[in-house]
Every structure is written in C-alpha cells, then in structure tokens.
Amino acid sequence: MYANGDFDLTVDAYRTDIDSRIVRSKGIGCTGIDACDAAGVATAALFLNGVDTETQGVDVRARWRTMLADGLLWLSANAHSNETEITGRRKPAGAPASLTFDDYYGGWAAQLLVEGQPKQQANVTAEWERGGLGLLGRVNYYGETTQNPVDTGTVTIEAASTVDLEARSSFGRADWSLGINNVFDELPTELAKTHLSNILWGVRYPVDTPFGIAGRFAYLRVSFEFGE
C-alpha cells in the first residue's frame, strides 16, 4: 500500500485453497433406489464434497484527489484478476462402481465453477463535488464468462463494458439523486436461435451474467432529514 494524502495505491495478491468443496451434482438416474421410487422421480441431484480448488488473484485499487472548478474531484480505479483451478476430484462415499466422477460433476458443471465468473473485472470512477452539488461517472468492465442456461448447453458470454451516471444535490433537508445505470443499454451475448433454451422456451439471454439482463435503468432517489 502507498499513500501520500492525495493519492492512494493498494495491491493485494492472494491464494485460496479449498479442500472438499461442496458442489451440486448433475442429474443422476436413480430408478430402482427406494427414496427415488417413493418420490416418483427418475433423476436426482445431490450436494457432495466433490472437489478441491485453488484460486489465485490480484486486486489493485488506486485513488487520486485534486481540485477542479472550485470543487473536489476524486478519480479512482479498481481492477481484479483471478483464476480458479480444480486440483482434486472425488466421488461420494458409497458411489456405485459403474459411475465415474464425470457422471456426478464433470463436463459443463465443472466448467462453470472455473469459468462461470469473469477472470477480469475493472472499473474507473470520476466523482466531483462542490457544496451541495455532486456528479459521478463510472465505467465498468466485465471479462468473458461461460454459462449454461437451464442446463441446455454452454455458451460464451463476451466481455462487455457498462457506463453509470449520477447527479445529486441538496436543498435544505432534502437530498436528491438522479442517475442512470448501464447508460448504453448493454446486454449479454444473445443465445443463438438454435440453442435449446431458445427453441423450447424462447429464452434470449443467459441470466447468470455479471451485469444482468435488465439493460438501462434510470432512478430518482429523494431522502429527507427530520428533526432538529
């Protein structure tokens, strides 16, 4: 960490090892097993201590303060990079010999654990304030991810950036904020028309994306202070 009053810089490197991590299995055929037959189901999923993982990453944060137009300007940037690797695999105790680890948690399920969150994220923010007036602008970056909408096939969600803007002011006991998140209405990569989720249910976008599927969002926030 470095700081001199007007400028701060922090860099954190980390490594996290998790043994016997709990994961949710894929659907496994269970016809002939008493519990499944009693419930009238042919396929079941279970939670198991199925994998060991190692995650390594770096976080960087910088913040600079200066004067601009008789007001105070803060410029800040945050960046994050990480990578997760599956280092150990194990079947549940008592698992049938005919089933492999991949029958429980291989393929796309394991892929989502490793690639389902962005390996890189960053944002840059400019915030200016003078008296009761304030302005904020922010650019957010999300790296590429992999998703599997409704378990119907993996898709790659391309890297994307969004922009947020906000203006705020104070009048007496009232504070007003007017803002827009995702100004340019950025949406995740659209599913192909041949993707099974699109064919069966008309699902156009994978929902588990870092910036969602709501697109542009505008808001007005008002707060009042009561009492003396």
# chains A, B, ... in the order shown; residues from 1 in each chain; ligands from 1

call {"tool": "select_by_dssp", "arguments": {"residues": "segment 76-113 of chain A", "states": "strand (DSSP E or B)", "output": "JSON, numbers by chain"}}
result
{"A": [76, 77, 78, 79, 80, 81, 82, 83, 84, 85, 86, 87, 88, 89]}

call {"tool": "residues_around", "arguments": {"residues": "Val139 of chain A", "least_positions_apart": "2", "cutoff": "6 Å", "atoms": "only C-alpha atoms", "output": "ChimeraX atom specification"}}
result
/A:123-124,162-163

call {"tool": "closest_residue", "arguments": {"among": "A:Gln111, A:Gly172, A:Trp128, A:Thr154", "to": "Ala69 of chain A", "atoms": "only C-alpha atoms"}}
result
A:Trp128

call {"tool": "select_by_dssp", "arguments": {"residues": "segment 125-215 of chain A", "states": "helix (DSSP H, G or I)", "output": "short mmCIF file (atom, residue, chain, number, x, y, z; two decimals) with C-alpha atoms, in the first residue's frame"}}
result
data_model
loop_
_atom_site.label_atom_id
_atom_site.label_comp_id
_atom_site.auth_asym_id
_atom_site.auth_seq_id
_atom_site.Cartn_x
_atom_site.Cartn_y
_atom_site.Cartn_z
CA PRO A 149 -28.83 -21.56 -19.42
CA VAL A 150 -31.32 -24.00 -17.86
CA ASP A 151 -28.80 -26.82 -18.35
CA LEU A 196 -32.19 -25.44 -26.98
CA SER A 197 -33.35 -22.84 -24.43
CA ASN A 198 -34.33 -20.52 -27.28
CA ILE A 199 -36.07 -23.27 -29.19
CA LEU A 200 -38.06 -24.67 -26.25
CA TRP A 201 -38.87 -21.56 -24.19
#

call {"tool": "residues_around", "arguments": {"residues": "Gly179 of chain A", "least_positions_apart": "2", "cutoff": "8 Å", "atoms": "only C-alpha atoms", "output": "ChimeraX atom specification"}}
result
/A:164-167,177,181,218-220

call {"tool": "write_last_selection", "arguments": {"atoms": "N, CA and C atoms", "output": "PDB file, in the first residue's frame"}}
result
ATOM      1  N   ASP A 164     -22.244   4.110 -15.930  1.00  0.00           N
ATOM      2  CA  ASP A 164     -23.216   4.619 -14.974  1.00  0.00           C
ATOM      3  C   ASP A 164     -22.988   6.115 -14.768  1.00  0.00           C
ATOM      4  N   LEU A 165     -24.081   6.878 -14.644  1.00  0.00           N
ATOM      5  CA  LEU A 165     -24.006   8.311 -14.403  1.00  0.00           C
ATOM      6  C   LEU A 165     -24.957   8.691 -13.269  1.00  0.00           C
ATOM      7  N   GLU A 166     -24.552   9.669 -12.460  1.00  0.00           N
ATOM      8  CA  GLU A 166     -25.432  10.149 -11.394  1.00  0.00           C
ATOM      9  C   GLU A 166     -25.153  11.619 -11.110  1.00  0.00           C
ATOM     10  N   ALA A 167     -26.227  12.375 -10.872  1.00  0.00           N
ATOM     11  CA  ALA A 167     -26.133  13.764 -10.416  1.00  0.00           C
ATOM     12  C   ALA A 167     -26.909  13.870  -9.106  1.00  0.00           C
ATOM     13  N   SER A 177     -31.090  12.605  -5.887  1.00  0.00           N
ATOM     14  CA  SER A 177     -30.145  11.921  -6.779  1.00  0.00           C
ATOM     15  C   SER A 177     -30.893  11.446  -8.017  1.00  0.00           C
ATOM     16  N   ASN A 181     -28.081   3.739 -14.660  1.00  0.00           N
ATOM     17  CA  ASN A 181     -27.132   2.625 -14.703  1.00  0.00           C
ATOM     18  C   ASN A 181     -27.202   1.970 -16.086  1.00  0.00           C
ATOM     19  N   ALA A 218     -32.967   3.723 -15.021  1.00  0.00           N
ATOM     20  CA  ALA A 218     -32.931   5.101 -14.532  1.00  0.00           C
ATOM     21  C   ALA A 218     -33.634   5.177 -13.175  1.00  0.00           C
ATOM     22  N   TYR A 219     -33.168   6.062 -12.328  1.00  0.00           N
ATOM     23  CA  TYR A 219     -33.764   6.156 -10.999  1.00  0.00           C
ATOM     24  C   TYR A 219     -33.724   7.596 -10.488  1.00  0.00           C
ATOM     25  N   LEU A 220     -34.662   7.899  -9.589  1.00  0.00           N
ATOM     26  CA  LEU A 220     -34.711   9.158  -8.853  1.00  0.00           C
ATOM     27  C   LEU A 220     -34.831   8.803  -7.382  1.00  0.00           C
TER      28      LEU A 220
END
